[in-house]
file target39.txt (compact mmCIF, C-alpha atoms)
# COMPACT_ATOMS: atom_id res chain seq x y z
CA MET A 201 0.00 0.00 0.00
CA ALA A 202 1.40 3.38 -1.01
CA LEU A 203 1.97 6.14 1.48
CA PRO A 204 -0.67 8.85 1.62
CA ILE A 205 0.40 11.86 -0.42
CA ASP A 206 1.10 14.08 2.61
CA LEU A 207 3.33 11.44 4.23
CA ALA A 208 5.09 10.73 0.93
CA GLN A 209 5.83 14.44 0.53
CA LYS A 210 7.00 14.73 4.12
CA GLN A 211 9.25 11.68 3.68
CA ALA A 212 10.73 13.03 0.45
CA ALA A 213 11.52 16.40 2.07
CA GLU A 214 13.09 14.80 5.15
CA ILE A 215 15.14 12.37 3.05
CA ALA A 216 16.46 15.24 0.96
CA LYS A 217 17.67 16.93 4.16
CA ALA A 218 19.13 13.66 5.49
CA GLU A 219 21.11 13.12 2.28
CA ALA A 220 22.90 16.47 2.55
CA PHE A 221 26.52 16.48 3.71
CA SER A 222 27.04 17.56 7.31
CA PHE A 223 29.84 19.86 6.16
CA ASP A 224 30.38 22.33 3.33
CA PHE A 225 31.36 19.94 0.55
CA LYS A 226 32.81 22.59 -1.78
CA LYS A 227 35.02 23.89 1.02
CA PHE A 228 36.08 20.34 1.85
CA GLU A 229 36.99 19.65 -1.79
CA SER A 230 39.06 22.83 -2.01
CA GLU A 231 40.86 21.99 1.24
CA MET A 232 41.75 18.48 0.07
CA VAL A 233 43.38 19.59 -3.19
CA GLY A 234 47.06 20.32 -3.01
CA GLY A 235 48.59 21.55 0.18
CA ASP A 236 51.23 19.90 2.25
CA LEU A 237 50.78 16.44 3.71
CA LEU A 238 50.49 17.71 7.30
CA THR A 239 47.50 19.87 6.34
CA LEU A 240 45.86 17.08 4.33
CA ILE A 241 46.15 14.56 7.16
CA ILE A 242 44.86 16.97 9.79
CA ARG A 243 41.97 18.07 7.57
CA ALA A 244 40.99 14.48 6.72
CA HIS A 245 41.12 13.58 10.42
CA LEU A 246 39.00 16.61 11.40
CA TYR A 247 36.36 15.81 8.79
CA VAL A 248 36.23 12.13 9.75
CA GLU A 249 35.90 13.04 13.42
CA HIS A 250 33.16 15.54 12.57
CA ALA A 251 31.25 12.80 10.73
CA LEU A 252 31.64 10.38 13.66
CA ILE A 253 30.36 12.99 16.11
CA GLN A 254 27.42 13.83 13.85
CA MET A 255 26.56 10.13 13.48
CA LEU A 256 26.55 9.61 17.23
CA CYS A 257 24.52 12.74 17.96
CA GLU A 258 21.95 11.94 15.28
CA ALA A 259 21.56 8.35 16.47
CA MET A 260 20.96 9.27 20.11
CA THR A 261 17.59 10.09 21.59
CA TYR A 262 19.17 12.59 23.97
CA PRO A 263 22.49 13.59 22.40
CA ASN A 264 25.07 15.55 24.33
CA GLU A 265 27.63 16.79 21.83
CA GLU A 266 29.94 18.10 24.54
CA VAL A 267 30.21 14.65 26.11
CA ILE A 268 30.73 12.99 22.72
CA ARG A 269 33.45 15.49 21.79
CA ARG A 270 35.34 14.61 25.00
CA LEU A 271 35.60 10.97 23.96
CA ASN A 272 38.85 10.06 22.30
CA PHE A 273 38.84 9.36 18.58
CA PRO A 274 39.03 5.53 18.82
CA SER A 275 36.13 5.52 21.32
CA LYS A 276 33.96 7.53 18.92
CA LEU A 277 34.81 5.09 16.15
CA GLU A 278 34.09 2.06 18.37
CA LEU A 279 30.71 3.50 19.37
CA CYS A 280 29.78 4.13 15.73
CA ILE A 281 30.67 0.53 14.89
CA ALA A 282 28.90 -0.83 17.99
CA PHE A 283 25.72 1.05 17.07
CA ALA A 284 26.05 -0.22 13.47
CA LEU A 285 26.39 3.33 12.18
CA ILE A 286 29.36 2.35 10.03
CA PRO A 287 30.61 -1.08 8.99
CA ASP A 288 33.51 -2.63 10.88
CA GLU A 289 35.44 -2.95 7.61
CA TRP A 290 36.22 0.79 7.77
CA LYS A 291 37.92 0.54 11.15
CA PRO A 292 41.51 -0.12 9.94
CA ALA A 293 41.52 2.83 7.53
CA VAL A 294 39.97 5.24 10.03
CA LEU A 295 42.40 4.18 12.76
CA LYS A 296 45.29 4.53 10.30
CA VAL A 297 44.39 8.17 9.63
CA ASN A 298 44.17 8.73 13.39
CA GLU A 299 47.58 7.11 13.87
CA MET A 300 49.04 9.30 11.11
CA ARG A 301 47.57 12.44 12.68
CA ASN A 302 48.97 11.46 16.07
CA ARG A 303 52.37 10.76 14.58
CA MET A 304 52.44 14.22 13.01
CA ALA A 305 51.19 15.90 16.18
CA HIS A 306 53.86 14.31 18.39
CA ARG A 307 56.93 14.17 16.15
CA LEU A 308 58.71 17.12 14.67
CA GLU A 309 60.01 15.11 11.72
CA ALA A 310 57.20 12.70 10.89
CA LEU A 311 57.73 11.00 7.54
CA PHE A 312 55.21 9.20 5.39
CA LEU A 313 56.29 7.01 2.53
CA ALA A 314 54.39 6.26 -0.65
CA ASP A 315 53.93 2.72 0.68
CA GLU A 316 51.85 4.11 3.54
CA ARG A 317 49.57 5.88 1.08
CA LEU A 318 49.10 2.64 -0.84
CA ASN A 319 48.54 0.66 2.39
CA LEU A 320 45.91 3.15 3.54
CA PHE A 321 44.19 2.90 0.15
CA ARG A 322 44.19 -0.90 0.36
CA MET A 323 42.43 -0.69 3.74
CA PHE A 324 39.36 0.70 1.97
CA PRO A 325 36.66 -1.82 1.03
CA GLU A 326 37.20 -3.18 -2.49
CA PRO A 327 34.23 -1.40 -4.10
CA VAL A 328 35.46 1.93 -2.70
CA GLN A 329 38.95 1.31 -4.06
CA LYS A 330 37.44 0.73 -7.48
CA LEU A 331 35.33 3.90 -7.30
CA ALA A 332 38.31 5.99 -6.15
CA LEU A 333 40.39 4.77 -9.09
CA GLU A 334 37.57 5.26 -11.60
CA GLU A 335 36.95 8.80 -10.38
CA VAL A 336 40.35 9.92 -11.65
CA GLY A 337 40.58 7.48 -14.57
CA GLU A 338 43.37 5.54 -12.95
CA THR A 339 44.11 1.83 -12.75
CA ASP A 340 47.24 1.94 -10.61
CA PRO A 341 46.63 2.99 -6.98
CA LYS A 342 50.34 3.85 -6.67
CA ARG A 343 49.63 6.91 -8.81
CA LEU A 344 46.98 8.36 -6.52
CA SER A 345 47.91 11.48 -4.58
CA TRP A 346 47.72 11.73 -0.81
CA GLY A 347 44.88 14.22 -1.22
CA HIS A 348 42.85 11.85 -3.35
CA VAL A 349 43.34 8.93 -0.96
CA LEU A 350 42.67 10.98 2.19
CA ARG A 351 39.50 12.62 0.84
CA VAL A 352 37.79 9.24 0.47
CA LEU A 353 37.39 8.63 4.22
CA PRO A 354 35.47 11.78 5.21
CA ILE A 355 33.17 11.41 2.21
CA ALA A 356 32.53 7.73 3.00
CA MET A 357 31.90 8.43 6.69
CA ASP A 358 29.41 11.18 5.93
CA ILE A 359 27.63 9.07 3.32
CA TRP A 360 27.21 6.35 5.97
CA ARG A 361 25.83 9.04 8.27
CA GLN A 362 23.41 10.08 5.54
CA GLN A 363 22.29 6.49 4.97
CA LYS A 364 21.50 5.99 8.65
CA ALA A 365 19.64 9.31 8.75
CA VAL A 366 17.52 8.19 5.80
CA GLU A 367 16.74 4.92 7.60
CA ARG A 368 15.57 6.90 10.65
CA VAL A 369 13.34 9.07 8.44
CA ARG A 370 11.77 6.01 6.84
CA GLY A 371 11.20 4.47 10.29
CA LYS A 372 9.58 7.65 11.59
CA ILE A 373 7.28 7.90 8.57
CA SER A 374 6.39 4.20 8.89
CA HIS A 375 5.47 4.81 12.52
CA GLU A 376 3.23 7.72 11.50
CA ARG A 377 1.60 5.52 8.85
CA LEU A 378 1.04 2.76 11.40
CA ARG A 379 -0.55 5.24 13.80
CA ARG A 380 -2.97 6.37 11.09
CA VAL A 381 -3.90 2.83 10.11
CA LEU A 382 -4.45 1.81 13.73
CA ASP A 383 -6.58 4.89 14.25
CA ASN A 384 -8.54 4.00 11.08
CA LYS A 385 -7.53 7.26 9.43
CA GLY A 386 -5.87 5.69 6.40

call {"tool": "encode", "arguments": {"input": "target39.txt", "output": "structure tokens"}}
result
Amino acid sequence: MALPIDLAQKQAAEIAKAEAFSFDFKKFESEMVGGDLLTLIIRAHLYVEHALIQMLCEAMTYPNEEVIRRLNFPSKLELCIAFALIPDEWKPAVLKVNEMRNRMAHRLEALFLADERLNLFRMFPEPVQKLALEEVGETDPKRLSWGHVLRVLPIAMDIWRQQKAVERVRGKISHERLRRVLDNKG
């Protein structure tokens, strides 16, 4: 049975909002092009952490962003995985970016080799690796820049956030539909 028109319109509007990025995507894209490696790693880390915080806040009935922000990065990631907000397969790549950020923050002369870029890329799920290569018309991941590899994680994390937000919208609308049917209001 199709949704009543008013609920279908409400659902469409709420889904459109849920599918928007939680950050300024154009600004993100400009920040992830060029620049030195230190800046790219810190930016990628900040955007990933922002997405994790947003996911947790949106999934909670009574969110407290201040409390969530005080959690360390791995704890935020673990909570997102525990609440099935993101798949466990992303954990190695997200933790790798956190490890890289920590290395840069605590060592004056932190070095990153091309092998690390390739290893990070290979931590992405296979379909994402394929998409990342196709996006730039490349077949060899060794040719991808740090910026291209690092930009994948924040985008992927926010798209997972969007997907879960859409699921919550559909659940809310289904509940409203159920209420109407039970009340014999169609």

call {"tool": "closest_residue", "arguments": {"input": "target39.txt", "among": "A:Leu237, A:Val336, A:Ile373, A:Ala216", "to": "Pro204 in chain A", "atoms": "only C-alpha atoms"}}
result
A:Ile373

call {"tool": "residues_around", "arguments": {"input": "target39.txt", "residues": "Leu277 in chain A", "least_positions_apart": "4", "cutoff": "7 Å", "atoms": "all atoms listed in the file", "output": "short mmCIF file (atom, residue, chain, number, x, y, z; two decimals) with C-alpha atoms, in the coordinates of the input"}}
result
data_model
loop_
_atom_site.label_atom_id
_atom_site.label_comp_id
_atom_site.auth_asym_id
_atom_site.auth_seq_id
_atom_site.Cartn_x
_atom_site.Cartn_y
_atom_site.Cartn_z
CA LEU A 252 31.64 10.38 13.66
CA PHE A 273 38.84 9.36 18.58
CA ILE A 281 30.67 0.53 14.89
#

call {"tool": "residues_around", "arguments": {"input": "target39.txt", "residues": "Leu311 in chain A", "least_positions_apart": "5", "cutoff": "10 Å", "atoms": "only C-alpha atoms", "output": "list in words"}}
result
Leu237, Leu238, Met300, Arg303, Met304 and Glu316 of chain A

call {"tool": "residues_around", "arguments": {"input": "target39.txt", "residues": "range 341-343 of chain A", "least_positions_apart": "4", "cutoff": "9 Å", "atoms": "all atoms listed in the file", "output": "list in words"}}
result
Ala314, Asp315, Arg317, Leu318, Phe321, Arg322, Gln329, Ala332 and Leu333 of chain A

call {"tool": "residues_around", "arguments": {"input": "target39.txt", "residues": "Val381 in chain A", "least_positions_apart": "6", "cutoff": "12 Å", "atoms": "only C-alpha atoms", "output": "list in words"}}
result
Met201, Leu203, Pro204, Ser374 and His375 of chain A

call {"tool": "closest_residue", "arguments": {"input": "target39.txt", "among": "A:Asn298, A:Ile268, A:Val349, A:Leu285", "to": "Arg368 in chain A", "atoms": "only C-alpha atoms"}}
result
A:Leu285

call {"tool": "closest_residue", "arguments": {"input": "target39.txt", "among": "A:Phe324, A:Trp346, A:Phe225, A:Phe312", "to": "Trp290 in chain A", "atoms": "all atoms listed in the file"}}
result
A:Phe324

call {"tool": "atom_distance", "arguments": {"input": "target39.txt", "atom1": "CA of Leu256 in chain A", "atom2": "CA of Pro292 in chain A"}}
result
19.3 Å

call {"tool": "atom_distance", "arguments": {"input": "target39.txt", "atom1": "CA of Phe221 in chain A", "atom2": "CA of Ile205 in chain A"}}
result
26.8 Å

call {"tool": "closest_residue", "arguments": {"input": "target39.txt", "among": "A:Thr261, A:His250, A:Ala213, A:Ser345", "to": "Gly235 in chain A", "atoms": "all atoms listed in the file"}}
result
A:Ser345

call {"tool": "closest_atom_pairs", "arguments": {"input": "target39.txt", "of": "range 250-351 of chain A", "to": "range 359-363 of chain A", "cutoff": "8 Å", "atoms": "only C-alpha atoms", "output": "tab-separated table"}}
result
residue	atom	partner	partner_atom	distance
A:Ala251	CA	A:Arg361	CA	7.0
A:Gln254	CA	A:Arg361	CA	7.5
A:Met255	CA	A:Arg361	CA	5.4
A:Leu285	CA	A:Arg361	CA	6.9
A:Ile286	CA	A:Trp360	CA	6.1
